[in-house]
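Chemist: Coordinates in my_file.txt, compact mmCIF, C-alpha atoms, are listed below.
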# COMPACT_ATOMS: atom_id res chain seq x y z
CA MET A 57 0.00 0.00 0.00
CA ILE A 58 1.23 3.52 -0.79
CA ILE A 59 -0.05 7.05 -0.23
CA THR A 60 -1.39 8.43 -3.49
CA ASP A 61 -3.22 11.67 -2.74
CA TYR A 62 -4.82 13.85 -0.07
CA LYS A 63 -7.55 16.45 0.32
CA LEU A 64 -7.99 19.28 2.82
CA TYR A 65 -11.42 20.59 3.81
CA LYS A 66 -11.84 23.82 5.79
CA ILE A 67 -15.32 23.57 7.28
CA PRO A 68 -17.49 25.41 9.82
CA PRO A 69 -17.37 26.20 12.61
CA ARG A 70 -13.53 26.44 12.75
CA TRP A 71 -12.15 23.07 11.68
CA LEU A 72 -9.75 21.67 9.09
CA PHE A 73 -10.11 18.04 8.01
CA LEU A 74 -7.49 16.00 6.13
CA LYS A 75 -8.22 12.93 4.01
CA ILE A 76 -5.26 10.74 2.98
CA GLU A 77 -5.87 8.32 0.10
CA THR A 78 -4.03 5.11 -0.85
CA ASP A 79 -3.68 2.92 -3.93
CA GLU A 80 -5.75 0.21 -2.25
CA GLY A 81 -8.75 2.49 -1.80
CA ILE A 82 -8.37 2.76 2.00
CA CYS A 83 -8.61 6.34 3.20
CA GLY A 84 -7.79 7.89 6.55
CA TRP A 85 -9.01 11.07 8.21
CA GLY A 86 -7.20 13.53 10.46
CA GLU A 87 -7.88 16.92 11.99
CA PRO A 88 -4.81 19.18 11.69
CA VAL A 89 -5.75 22.66 12.84
CA VAL A 90 -4.83 25.49 15.13
CA GLU A 91 -7.97 27.37 16.02
CA GLY A 92 -7.75 30.69 14.16
CA ARG A 93 -4.80 29.58 12.01
CA ALA A 94 -6.42 26.98 9.75
CA ASP A 95 -4.88 28.32 6.53
CA THR A 96 -1.41 28.44 8.07
CA VAL A 97 -1.63 24.83 9.20
CA ALA A 98 -3.04 23.81 5.81
CA SER A 99 0.09 25.21 4.16
CA ALA A 100 2.28 23.17 6.51
CA VAL A 101 0.25 20.03 5.77
CA LYS A 102 0.72 20.56 2.03
CA GLU A 103 4.50 20.86 2.47
CA MET A 104 4.62 17.71 4.59
CA MET A 105 2.35 15.67 2.32
CA SER A 106 4.73 16.33 -0.59
CA LEU A 107 7.38 14.48 1.44
CA ILE A 108 5.32 11.35 2.09
CA GLN A 109 3.61 10.81 -1.27
CA SER A 110 4.26 7.23 -2.49
CA LEU A 111 5.37 6.07 0.96
CA ASP A 112 3.84 3.10 2.81
CA PRO A 113 1.29 4.61 5.25
CA SER A 114 1.74 1.72 7.67
CA ASN A 115 5.22 2.99 8.63
CA ILE A 116 3.67 5.52 10.98
CA GLU A 117 6.59 5.89 13.37
CA ASP A 118 9.15 6.40 10.61
CA ILE A 119 6.94 8.98 8.91
CA TRP A 120 6.40 10.78 12.24
CA GLN A 121 10.14 10.89 12.93
CA MET A 122 10.89 12.09 9.39
CA LEU A 123 8.34 14.91 9.56
CA TYR A 124 9.57 15.96 13.01
CA ARG A 125 13.33 15.33 12.96
CA GLY A 126 13.83 15.70 9.22
CA ALA A 127 13.23 19.43 9.48
CA PHE A 128 15.91 21.68 11.03
CA TYR A 129 13.18 23.77 12.73
CA ARG A 130 10.64 21.72 14.62
CA GLY A 131 7.88 21.88 17.20
CA GLY A 132 5.46 24.67 17.95
CA PRO A 133 1.73 24.85 17.26
CA ILE A 134 1.80 24.99 13.45
CA LEU A 135 4.28 22.25 12.59
CA SER A 136 3.12 19.96 15.40
CA SER A 137 -0.53 20.40 14.43
CA ALA A 138 0.24 19.51 10.82
CA ILE A 139 2.01 16.34 11.98
CA SER A 140 -0.91 15.60 14.33
CA GLY A 141 -3.50 15.48 11.56
CA ILE A 142 -1.30 13.37 9.31
CA ASP A 143 -0.57 10.96 12.17
CA GLN A 144 -4.29 10.59 12.97
CA ALA A 145 -5.06 9.79 9.33
CA LEU A 146 -2.26 7.22 9.09
CA TRP A 147 -3.53 5.41 12.20
CA ASP A 148 -7.04 5.50 10.70
CA ILE A 149 -5.70 3.85 7.54
CA LYS A 150 -3.80 1.20 9.48
CA GLY A 151 -6.79 0.34 11.62
CA LYS A 152 -9.02 0.01 8.58
CA ALA A 153 -6.42 -2.15 6.80
CA PHE A 154 -6.40 -4.59 9.73
CA ASN A 155 -10.13 -4.10 10.47
CA ARG A 156 -9.29 -3.21 14.09
CA PRO A 157 -9.73 -0.09 16.24
CA VAL A 158 -6.59 1.97 16.79
CA TRP A 159 -6.69 1.28 20.54
CA ASP A 160 -6.33 -2.42 19.75
CA LEU A 161 -3.26 -1.79 17.59
CA LEU A 162 -1.77 0.25 20.44
CA GLY A 163 -1.96 -2.79 22.72
CA GLY A 164 -5.61 -3.16 23.64
CA ALA A 165 -8.15 -1.46 25.86
CA VAL A 166 -7.81 -0.87 29.59
CA ARG A 167 -11.46 0.28 29.99
CA ASN A 168 -14.76 -0.15 28.16
CA ARG A 169 -16.14 3.38 28.61
CA MET A 170 -14.69 6.85 29.10
CA LYS A 171 -15.97 9.66 31.30
CA VAL A 172 -16.61 12.95 29.47
CA TYR A 173 -17.32 16.53 30.44
CA CYS A 174 -18.98 19.40 28.63
CA TRP A 175 -18.59 23.18 28.53
CA ILE A 176 -20.92 25.74 30.07
CA GLY A 177 -20.87 29.52 30.26
CA GLY A 178 -19.00 30.75 27.19
CA ASP A 179 -15.86 32.90 27.00
CA ARG A 180 -17.23 35.43 29.46
CA PRO A 181 -19.07 33.12 31.86
CA SER A 182 -22.70 33.76 32.79
CA ASN A 183 -25.83 31.73 33.58
CA VAL A 184 -23.61 28.83 34.58
CA ALA A 185 -25.98 27.49 37.24
CA ASP A 186 -28.83 27.24 34.71
CA GLU A 187 -26.59 25.56 32.15
CA ALA A 188 -25.11 23.15 34.69
CA GLU A 189 -28.60 22.08 35.74
CA VAL A 190 -29.52 21.41 32.11
CA LYS A 191 -26.37 19.30 31.61
CA LEU A 192 -27.12 17.35 34.78
CA LYS A 193 -30.61 16.55 33.47
CA GLN A 194 -29.05 15.46 30.16
CA GLY A 195 -27.02 12.86 32.03
CA TYR A 196 -23.64 14.56 32.32
CA SER A 197 -21.77 14.20 35.58
CA ALA A 198 -19.06 16.82 34.97
CA VAL A 199 -18.89 20.33 33.49
CA LYS A 200 -16.20 22.91 32.85
CA MET A 201 -16.51 26.70 32.80
CA ASN A 202 -14.24 29.66 32.26
CA GLY A 203 -13.40 31.18 35.62
CA THR A 204 -12.96 34.85 34.89
CA GLU A 205 -12.94 37.49 32.24
CA ASN A 206 -9.58 39.11 31.50
CA MET A 207 -7.53 40.21 34.50
CA LEU A 208 -4.62 42.60 34.95
CA PHE A 209 -1.32 41.37 36.37
CA LEU A 210 -2.32 43.07 39.60
CA ASP A 211 -6.09 43.41 39.77
CA ASN A 212 -8.75 44.03 42.40
CA TYR A 213 -10.76 41.24 44.02
CA LYS A 214 -13.91 41.77 41.95
CA GLY A 215 -12.98 39.04 39.47
CA ILE A 216 -12.20 36.62 42.30
CA ASP A 217 -15.51 37.33 44.03
CA GLU A 218 -17.50 36.93 40.79
CA CYS A 219 -15.80 33.61 40.01
CA SER A 220 -16.54 32.34 43.52
CA GLU A 221 -20.17 33.40 43.24
CA ARG A 222 -20.63 31.52 39.97
CA VAL A 223 -19.17 28.30 41.32
CA ALA A 224 -21.24 28.69 44.50
CA ALA A 225 -24.38 29.06 42.39
CA ILE A 226 -23.70 25.73 40.66
CA ARG A 227 -23.07 24.01 43.98
CA GLU A 228 -26.28 25.45 45.42
CA ARG A 229 -28.33 24.39 42.38
CA CYS A 230 -26.78 20.97 41.70
CA GLY A 231 -25.15 20.03 44.99
CA ASN A 232 -22.49 17.37 44.65
CA LYS A 233 -24.30 15.59 41.83
CA ILE A 234 -22.04 17.23 39.28
CA GLU A 235 -18.29 17.75 39.23
CA ILE A 236 -16.98 21.21 38.33
CA ALA A 237 -13.75 22.19 36.59
CA VAL A 238 -12.75 25.83 36.28
CA ASP A 239 -10.57 26.95 33.35
CA PHE A 240 -8.63 30.21 33.63
CA HIS A 241 -7.16 30.13 30.09
CA GLY A 242 -3.95 31.60 31.47
CA ARG A 243 -5.83 34.85 32.09
CA VAL A 244 -4.69 35.09 35.71
CA HIS A 245 -1.15 36.07 36.59
CA LYS A 246 1.02 35.07 39.52
CA PRO A 247 0.12 37.98 41.86
CA MET A 248 -3.63 37.20 41.64
CA VAL A 249 -3.64 33.43 41.30
CA LYS A 250 -2.79 32.75 44.95
CA PRO A 251 -5.85 34.43 46.51
CA LEU A 252 -8.03 33.05 43.71
CA MET A 253 -7.03 29.45 44.35
CA LYS A 254 -7.47 29.88 48.09
CA GLU A 255 -10.99 31.21 47.54
CA LEU A 256 -11.98 28.27 45.31
CA GLU A 257 -10.66 25.64 47.71
CA GLN A 258 -14.01 25.46 49.52
CA TYR A 259 -15.89 24.14 46.46
CA ARG A 260 -13.88 20.92 46.05
CA LEU A 261 -13.43 21.36 42.32
CA MET A 262 -12.60 18.52 39.95
CA PHE A 263 -9.62 20.59 38.79
CA ILE A 264 -8.39 24.10 38.11
CA GLU A 265 -7.08 24.49 34.55
CA GLU A 266 -4.34 26.84 33.35
CA PRO A 267 -4.34 29.04 36.45
CA VAL A 268 -1.24 30.60 34.90
CA LEU A 269 0.26 30.20 31.44
CA CYS A 270 1.97 26.84 30.92
CA GLU A 271 5.25 28.51 29.92
CA ASN A 272 5.55 29.59 33.55
CA ALA A 273 6.30 26.01 34.59
CA GLU A 274 8.13 27.04 37.74
CA VAL A 275 5.01 28.78 39.12
CA PHE A 276 3.02 25.55 39.24
CA SER A 277 5.31 24.08 41.88
CA HIS A 278 4.52 27.04 44.18
CA LEU A 279 0.75 26.82 43.73
CA ARG A 280 0.69 23.66 45.86
CA ASP A 281 1.09 25.93 48.89
CA PHE A 282 -2.27 27.59 48.20
CA THR A 283 -4.60 24.75 47.27
CA SER A 284 -5.23 21.03 47.49
CA THR A 285 -7.39 21.22 44.33
CA PRO A 286 -5.91 19.26 41.40
CA ILE A 287 -4.18 21.50 38.85
CA ALA A 288 -4.34 20.86 35.10
CA THR A 289 -2.46 22.29 32.12
CA GLY A 290 -1.01 21.31 28.76
CA GLU A 291 -3.27 22.34 25.88
CA ARG A 292 -0.57 24.76 24.68
CA LEU A 293 2.30 22.27 24.84
CA PHE A 294 3.24 20.51 21.63
CA SER A 295 5.62 17.62 22.30
CA ARG A 296 7.00 15.31 24.98
CA TRP A 297 9.90 17.73 25.33
CA ASP A 298 7.51 20.55 26.21
CA PHE A 299 5.84 18.37 28.82
CA LYS A 300 9.17 17.27 30.27
CA SER A 301 9.70 20.66 31.91
CA ILE A 302 6.20 20.54 33.42
CA PHE A 303 6.81 17.08 34.86
CA GLU A 304 10.18 18.08 36.28
CA ALA A 305 8.87 21.31 37.83
CA GLY A 306 6.11 19.47 39.70
CA GLY A 307 2.83 20.89 40.93
CA VAL A 308 0.67 19.65 38.03
CA ASP A 309 -1.75 16.78 38.66
CA ILE A 310 -3.47 16.48 35.26
CA ILE A 311 -2.03 16.99 31.79
CA GLN A 312 -4.16 18.01 28.82
CA PRO A 313 -2.32 17.44 25.54
CA ASP A 314 -4.39 18.12 22.43
CA LEU A 315 -4.26 15.34 19.84
CA SER A 316 -4.61 17.89 17.03
CA HIS A 317 -1.69 19.96 18.35
CA ALA A 318 0.70 17.70 20.28
CA GLY A 319 1.84 15.26 17.60
CA GLY A 320 -1.27 13.17 17.14
CA ILE A 321 -1.97 9.70 18.49
CA SER A 322 1.68 8.60 18.38
CA GLU A 323 3.11 11.46 20.43
CA VAL A 324 0.25 11.81 22.92
CA ARG A 325 0.44 8.10 23.72
CA ARG A 326 4.12 8.66 24.55
CA ILE A 327 3.26 11.74 26.64
CA ALA A 328 0.63 9.70 28.51
CA SER A 329 3.25 7.09 29.39
CA MET A 330 5.63 9.78 30.63
CA ALA A 331 2.84 11.20 32.80
CA GLU A 332 2.09 7.76 34.23
CA ALA A 333 5.67 7.56 35.47
CA TYR A 334 5.05 10.77 37.45
CA ASP A 335 1.63 9.51 38.70
CA ILE A 336 -0.10 12.27 36.71
CA ALA A 337 -3.58 11.88 35.18
CA LEU A 338 -4.37 12.34 31.49
CA ALA A 339 -7.37 14.42 30.32
CA PRO A 340 -6.88 15.29 26.64
CA HIS A 341 -7.90 18.75 25.45
CA CYS A 342 -10.50 18.60 22.66
CA PRO A 343 -12.76 21.56 21.82
CA LEU A 344 -12.61 20.49 18.16
CA GLY A 345 -14.43 18.15 15.78
CA PRO A 346 -15.33 14.45 15.61
CA ILE A 347 -12.02 13.27 14.15
CA ALA A 348 -10.02 14.88 16.94
CA LEU A 349 -12.37 13.44 19.56
CA SER A 350 -12.21 9.93 18.16
CA ALA A 351 -8.39 10.17 18.10
CA CYS A 352 -8.44 11.23 21.76
CA LEU A 353 -10.63 8.30 22.70
CA GLN A 354 -8.29 5.81 21.02
CA VAL A 355 -5.55 6.97 23.39
CA ASP A 356 -7.95 7.14 26.35
CA PHE A 357 -9.04 3.55 25.96
CA ASN A 358 -5.41 2.43 25.83
CA SER A 359 -3.97 4.62 28.66
CA ILE A 360 -4.38 3.59 32.29
CA ASN A 361 -4.04 7.18 33.56
CA ALA A 362 -6.71 8.63 31.23
CA SER A 363 -9.30 10.06 33.61
CA ILE A 364 -11.79 12.25 31.74
CA GLN A 365 -12.26 13.49 28.18
CA GLU A 366 -13.21 16.95 26.98
CA GLN A 367 -15.65 17.05 24.06
CA SER A 368 -17.22 19.90 22.12
CA LEU A 369 -20.88 18.93 21.72
CA GLY A 370 -22.82 22.15 22.36
CA ILE A 371 -19.72 24.25 23.05
CA HIS A 372 -20.14 27.97 22.42
CA TYR A 373 -17.74 27.92 19.45
CA ASN A 374 -19.90 25.49 17.48
CA GLU A 375 -22.79 27.77 16.57
CA GLY A 376 -24.22 26.66 13.22
CA SER A 377 -22.28 23.37 13.04
CA ASP A 378 -21.62 20.81 15.71
CA LEU A 379 -19.71 17.66 16.51
CA LEU A 380 -22.20 15.16 15.08
CA ASP A 381 -23.09 17.00 11.88
CA TYR A 382 -20.39 15.39 9.73
CA LEU A 383 -20.83 11.76 10.83
CA LYS A 384 -22.83 9.09 9.04
CA ASP A 385 -23.59 7.44 12.39
CA PRO A 386 -23.71 10.01 15.21
CA SER A 387 -24.68 7.30 17.71
CA VAL A 388 -21.01 6.38 18.20
CA PHE A 389 -20.79 9.43 20.50
CA GLU A 390 -23.94 8.76 22.51
CA TYR A 391 -23.27 9.62 26.13
CA GLU A 392 -24.76 7.50 28.91
CA ASN A 393 -24.40 8.47 32.57
CA GLY A 394 -21.65 10.89 31.64
CA HIS A 395 -19.64 8.30 29.70
CA VAL A 396 -19.05 7.32 26.08
CA LYS A 397 -18.80 3.63 25.20
CA ILE A 398 -15.69 2.22 23.61
CA LEU A 399 -15.39 2.87 19.88
CA ASP A 400 -15.16 -0.60 18.37
CA GLY A 401 -15.18 0.28 14.65
CA PRO A 402 -12.00 -0.03 12.55
CA GLY A 403 -9.46 2.77 12.57
CA LEU A 404 -10.69 5.80 14.46
CA GLY A 405 -14.10 4.16 14.83
CA ILE A 406 -16.13 6.81 13.01
CA GLU A 407 -17.46 7.14 9.47
CA ILE A 408 -17.17 10.61 7.97
CA ASP A 409 -19.95 11.87 5.70
CA GLU A 410 -17.72 13.23 2.96
CA GLN A 411 -20.56 14.66 0.92
CA LYS A 412 -21.59 16.88 3.82
CA ILE A 413 -17.96 17.89 4.26
CA ILE A 414 -17.65 18.86 0.62
CA GLU A 415 -20.81 20.94 0.89
CA ALA A 416 -19.59 22.61 4.09
CA ALA A 417 -16.17 23.30 2.59
CA SER A 418 -17.83 25.38 -0.12
CA THR A 419 -18.74 27.78 2.69
CA GLY A 420 -15.58 27.32 4.72
CA HIS A 421 -14.82 29.66 7.60
CA ASP A 422 -12.58 32.53 8.63
CA TRP A 423 -12.65 31.97 12.37
CA HIS A 424 -10.26 33.91 14.60
CA ASN A 425 -10.28 34.18 18.36
CA PRO A 426 -11.23 37.60 19.75
CA VAL A 427 -8.50 40.01 20.77
CA TRP A 428 -9.18 41.40 24.23
CA ARG A 429 -7.87 44.53 25.87
CA ASN A 430 -7.87 45.53 29.52
CA LYS A 431 -9.45 48.74 30.72
CA ASP A 432 -6.06 50.45 30.54
CA GLY A 433 -5.75 49.56 26.86
CA SER A 434 -3.16 46.76 27.27
CA ILE A 435 -3.58 43.43 25.51
CA ALA A 436 -5.26 40.79 27.68
CA GLU A 437 -5.06 37.01 27.60
CA TRP A 438 -8.07 35.49 25.83
Starting from the file, lay out its structure as structure tokens.

Modeler:
Amino acid sequence: MIITDYKLYKIPPRWLFLKIETDEGICGWGEPVVEGRADTVASAVKEMMSLIQSLDPSNIEDIWQMLYRGAFYRGGPILSSAISGIDQALWDIKGKAFNRPVWDLLGGAVRNRMKVYCWIGGDRPSNVADEAEVKLKQGYSAVKMNGTENMLFLDNYKGIDECSERVAAIRERCGNKIEIAVDFHGRVHKPMVKPLMKELEQYRLMFIEEPVLCENAEVFSHLRDFTSTPIATGERLFSRWDFKSIFEAGGVDIIQPDLSHAGGISEVRRIASMAEAYDIALAPHCPLGPIALSACLQVDFNSINASIQEQSLGIHYNEGSDLLDYLKDPSVFEYENGHVKILDGPGLGIEIDEQKIIEAASTGHDWHNPVWRNKDGSIAEW
């Protein structure tokens, strides 16, 4: 079998899908995208695909190493995301060729269902208690919300109080029937994160995500002095070498590599094994489409430290198009009691509706994240 061709589809709401074709008629799908930089990643994919045309797609590790090490400049969100989508598609091809799920080719499953959580509240969180109650009634057992709007390096306590009030409202409405994670998107800086984490301690959160930016690895080790709440980070790290500094610094309990950014199935499985050696949980980041989610689940079902999976059904970014819209059989992602059953189909375990993708690609998208400014006019973290 050899790689013969590929197609890229930029589709709403903000996704980029890759289809790799072979001479035996087996095709694989991947999702190589950086949110807001789809065209840039597409260009990188095109350059990389020119290098692997006519190669055997089953040699996934060799292709991964060539695309990563064969270039003098490597890593970062663009190049790693391009590799991620290609890697996903190659695993999809290999699974289909052997008529086995990817998790089986990785060594087999360690669980038969995976816990999931969903988003509530939007970029600037509001009405979170109402939304959490709805999710609870829909059968979810865990939700995640943004904690604050933008904050200055040294800010007043208004943002802390408002965050505490929102979490308290969920607890009052739903009690302990639902687990709560609070994501700070790196919006909080070191001077303000200490009182914020102390304030949230009382709510026994599932985890606090990106309380500071992940490049400030040394700060995480100090946050242990201010909270017993598990701390998560990793969606903006792109290789095992990026995660190495986080592991060595200590202070992080949960890592969140993104399978469309951090080297695909191959690299995230390696990162998961590294985390296991540090007794750290895995909770892959995935606010993207069905291909990215199915890739995440292949690693989840094969990784003993995988604990919970993010998924984008109903997320505020998906207005107009959603996770299930491009699948021939949406039932593969049916959630029961806050869990998704093991994907037992070949490859990534999903069947893409290519005709709908072609139609959607005629519309495409030009999605970019908002650029925020603080009241003093300075650029804020989104």

Chemist: Measuring between only C-alpha atoms, which one of A:Thr285, A:Ser137, A:Gln194, A:Thr419 shows the shortest distance to Ala94 (chain A)?

Modeler: A:Ser137

Chemist: Can you pull out every residue within 7 Å of region 311-318 of chain A, counting all atoms listed in the file, but drop anything in the same chain fewer than 4 positions away, and send it as a list in words?

Modeler: Glu87, Pro88, Val89, Pro133, Ser136, Ser137, Ser140, Gly141, Ala288, Thr289, Gly290, Glu291, Leu293, Phe294, Ser295, Glu323, Val324, Ala337, Leu338, Ala339, Pro340, His341, Cys342, Ala348, Ala351 and Cys352 of chain A

Chemist: Between A:Gly242, A:Pro343, A:Gly177, A:Pro402, which residue has the minimum interatomic distance to Glu91 (chain A), considering all atoms listed in the file?

Modeler: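 Of A:Gly242, A:Pro343, A:Gly177, A:Pro402, the one nearest Glu91 (chain A), counting all atoms listed in the file, is A:Pro343.
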
Chemist: Which residues come within 8 Å of Gly307 (chain A), counting only C-alpha atoms, excluding same-chain residues fewer than 2 positions away, as number ranges by chain?

Modeler: A: 276-280, 287, 305, 309

Chemist: Go ahead and compute the interatomic distance for CA of Gly403 (chain A) and CA of His372 (chain A), in Å to one decimal.

Modeler: 29.1 Å

Chemist: From the set A:Gly231, A:Gly401, A:Gly306, A:Gly84, which residue has the shortest atom-to-atom contact distance to Leu192 (chain A), counting all atoms listed in the file?

Modeler: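 Distance minimum relative to Leu192 (chain A) lands on A:Gly231.
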
Chemist: Please report as a Markdown table every residue of region 283-377 of chain A lying within 9 Å of region 70-80 of chain A, along with the nearest atom pair and their distance in Å (one decimal), using all atoms listed in the file.

Modeler:
| residue | atom | partner | partner_atom | distance |
| --- | --- | --- | --- | --- |
| A:Leu344 | CA | A:Trp71 | CA | 7.0 |
| A:Gly345 | CA | A:Trp71 | CA | 6.8 |
| A:Ile347 | CA | A:Phe73 | CA | 8.0 |
| A:Tyr373 | CA | A:Arg70 | CA | 8.1 |
| A:Asn374 | CA | A:Arg70 | CA | 8.0 |

Chemist: What gap, in Å, lies between CA of Ala331 (chain A) and CA of Val172 (chain A)?

Modeler: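 Pair CA of Ala331 (chain A) / CA of Val172 (chain A) returns 19.8 Å.
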
Chemist: Within 9 Å of (-2.3, 38.9, 44.1), in the coordinates the file gives, what residues turn up when you count only C-alpha atoms, written out as a list in words?

Modeler: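 Within the cut-off we find Phe209, Leu210, Asp211, Asn212, Tyr213, His245, Lys246, Pro247, Met248, Val249, Lys250, Pro251 and Leu252 of chain A.
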
Chemist: Report as a list in words all protein, DNA and RNA residues lying within 12 Å of Asn115 (chain A), evaluated on all atoms listed in the file, omitting residues in the same chain fewer than 2 positions from it.

Modeler: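 In the requested form, the answer reads Met57, Ile58, Ile59, Ile108, Ser110, Leu111, Asp112, Pro113, Glu117, Asp118, Ile119, Trp120, Gln121, Met122, Asp143, Leu146, Trp147, Ile149, Lys150 and Ser322 of chain A.
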
Chemist: Contacts of region 375-388 of chain A at 10 Å or less, counting only C-alpha atoms, minus same-chain residues fewer than 2 places along, as a PDB file with C-alpha atoms, in the coordinates of the input?

Modeler:
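In the end it all went to out_3.pdb:
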ATOM      1  CA  ILE A  67     -15.320  23.570   7.280  1.00  0.00           C
ATOM      2  CA  PRO A  68     -17.490  25.410   9.820  1.00  0.00           C
ATOM      3  CA  PRO A  69     -17.370  26.200  12.610  1.00  0.00           C
ATOM      4  CA  ARG A  70     -13.530  26.440  12.750  1.00  0.00           C
ATOM      5  CA  PRO A 343     -12.760  21.560  21.820  1.00  0.00           C
ATOM      6  CA  LEU A 344     -12.610  20.490  18.160  1.00  0.00           C
ATOM      7  CA  GLY A 345     -14.430  18.150  15.780  1.00  0.00           C
ATOM      8  CA  PRO A 346     -15.330  14.450  15.610  1.00  0.00           C
ATOM      9  CA  ILE A 347     -12.020  13.270  14.150  1.00  0.00           C
ATOM     10  CA  LEU A 349     -12.370  13.440  19.560  1.00  0.00           C
ATOM     11  CA  SER A 350     -12.210   9.930  18.160  1.00  0.00           C
ATOM     12  CA  GLN A 367     -15.650  17.050  24.060  1.00  0.00           C
ATOM     13  CA  SER A 368     -17.220  19.900  22.120  1.00  0.00           C
ATOM     14  CA  LEU A 369     -20.880  18.930  21.720  1.00  0.00           C
ATOM     15  CA  GLY A 370     -22.820  22.150  22.360  1.00  0.00           C
ATOM     16  CA  ILE A 371     -19.720  24.250  23.050  1.00  0.00           C
ATOM     17  CA  HIS A 372     -20.140  27.970  22.420  1.00  0.00           C
ATOM     18  CA  TYR A 373     -17.740  27.920  19.450  1.00  0.00           C
ATOM     19  CA  GLU A 390     -23.940   8.760  22.510  1.00  0.00           C
ATOM     20  CA  TYR A 391     -23.270   9.620  26.130  1.00  0.00           C
ATOM     21  CA  VAL A 396     -19.050   7.320  26.080  1.00  0.00           C
ATOM     22  CA  LYS A 397     -18.800   3.630  25.200  1.00  0.00           C
ATOM     23  CA  ILE A 398     -15.690   2.220  23.610  1.00  0.00           C
ATOM     24  CA  LEU A 399     -15.390   2.870  19.880  1.00  0.00           C
ATOM     25  CA  ASP A 400     -15.160  -0.600  18.370  1.00  0.00           C
ATOM     26  CA  GLY A 401     -15.180   0.280  14.650  1.00  0.00           C
ATOM     27  CA  GLY A 405     -14.100   4.160  14.830  1.00  0.00           C
ATOM     28  CA  ILE A 406     -16.130   6.810  13.010  1.00  0.00           C
ATOM     29  CA  GLU A 407     -17.460   7.140   9.470  1.00  0.00           C
ATOM     30  CA  ILE A 408     -17.170  10.610   7.970  1.00  0.00           C
ATOM     31  CA  ASP A 409     -19.950  11.870   5.700  1.00  0.00           C
ATOM     32  CA  GLU A 410     -17.720  13.230   2.960  1.00  0.00           C
ATOM     33  CA  GLN A 411     -20.560  14.660   0.920  1.00  0.00           C
ATOM     34  CA  LYS A 412     -21.590  16.880   3.820  1.00  0.00           C
ATOM     35  CA  ILE A 413     -17.960  17.890   4.260  1.00  0.00           C
ATOM     36  CA  ALA A 416     -19.590  22.610   4.090  1.00  0.00           C
TER      37      ALA A 416
END

Chemist: Using only C-alpha atoms, which of A:Ile321, A:Val308, A:Val275, A:Ala225 sits nearest Ala188 (chain A)?

Modeler: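 So, comparing all the options, the nearest one is A:Ala225.
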
Chemist: Between A:Tyr62, A:Phe389, A:Phe128, A:Phe240, single out the one closest to Ile264 (chain A), counting only C-alpha atoms.

Modeler: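 Nearest to Ile264 (chain A): A:Phe240.
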
Chemist: Identify, on the basis of all atoms listed in the file, every residue whose closest approach to Gln258 (chain A) does not exceed 10 Å; exclude the query and any residue fewer than 4 positions from it along the same chain; express the result as a PDB file with C-alpha atoms, in the coordinates of the input.

Modeler:
ATOM      1  CA  SER A 220     -16.540  32.340  43.520  1.00  0.00           C
ATOM      2  CA  ALA A 224     -21.240  28.690  44.500  1.00  0.00           C
ATOM      3  CA  MET A 253      -7.030  29.450  44.350  1.00  0.00           C
ATOM      4  CA  LYS A 254      -7.470  29.880  48.090  1.00  0.00           C
ATOM      5  CA  THR A 283      -4.600  24.750  47.270  1.00  0.00           C
ATOM      6  CA  THR A 285      -7.390  21.220  44.330  1.00  0.00           C
TER       7      THR A 285
END

Chemist: Under the rule that only C-alpha atoms are counted, which of A:Lys102, A:Arg243, A:Lys233, A:Arg227 is the nearest residue to Glu205 (chain A)?

Modeler: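 The closest residue to Glu205 (chain A) is A:Arg243.
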
Chemist: Quote the spacing between CA of Asp160 (chain A) and CA of Leu353 (chain A) in Å to one decimal place.

Modeler: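 Interatomic distance, CA of Asp160 (chain A) to CA of Leu353 (chain A): 11.9 Å.
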
Chemist: Kindly add N, CA and C atoms to the incomplete region 305-312 of chain A and provide the output as a PDB file, in the frame of the given file.

Modeler:
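Output contents, as saved in out-v8.pdb:
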ATOM      1  N   ALA A 305       9.145  20.207  36.913  1.00  0.00           N
ATOM      2  CA  ALA A 305       8.870  21.310  37.830  1.00  0.00           C
ATOM      3  C   ALA A 305       7.951  20.874  38.963  1.00  0.00           C
ATOM      4  N   GLY A 306       7.060  19.928  38.693  1.00  0.00           N
ATOM      5  CA  GLY A 306       6.110  19.470  39.700  1.00  0.00           C
ATOM      6  C   GLY A 306       4.964  20.443  39.875  1.00  0.00           C
ATOM      7  N   GLY A 307       3.969  20.027  40.646  1.00  0.00           N
ATOM      8  CA  GLY A 307       2.830  20.890  40.930  1.00  0.00           C
ATOM      9  C   GLY A 307       1.627  20.664  40.038  1.00  0.00           C
ATOM     10  N   VAL A 308       1.785  19.934  38.940  1.00  0.00           N
ATOM     11  CA  VAL A 308       0.670  19.650  38.030  1.00  0.00           C
ATOM     12  C   VAL A 308       0.177  18.228  38.270  1.00  0.00           C
ATOM     13  N   ASP A 309      -1.135  18.081  38.372  1.00  0.00           N
ATOM     14  CA  ASP A 309      -1.750  16.780  38.660  1.00  0.00           C
ATOM     15  C   ASP A 309      -2.373  16.130  37.433  1.00  0.00           C
ATOM     16  N   ILE A 310      -2.758  16.951  36.452  1.00  0.00           N
ATOM     17  CA  ILE A 310      -3.470  16.480  35.260  1.00  0.00           C
ATOM     18  C   ILE A 310      -2.868  17.163  34.043  1.00  0.00           C
ATOM     19  N   ILE A 311      -2.517  16.381  33.031  1.00  0.00           N
ATOM     20  CA  ILE A 311      -2.030  16.990  31.790  1.00  0.00           C
ATOM     21  C   ILE A 311      -3.093  16.883  30.709  1.00  0.00           C
ATOM     22  N   GLN A 312      -3.106  17.882  29.821  1.00  0.00           N
ATOM     23  CA  GLN A 312      -4.160  18.010  28.820  1.00  0.00           C
ATOM     24  C   GLN A 312      -3.604  18.221  27.412  1.00  0.00           C
TER      25      GLN A 312
END
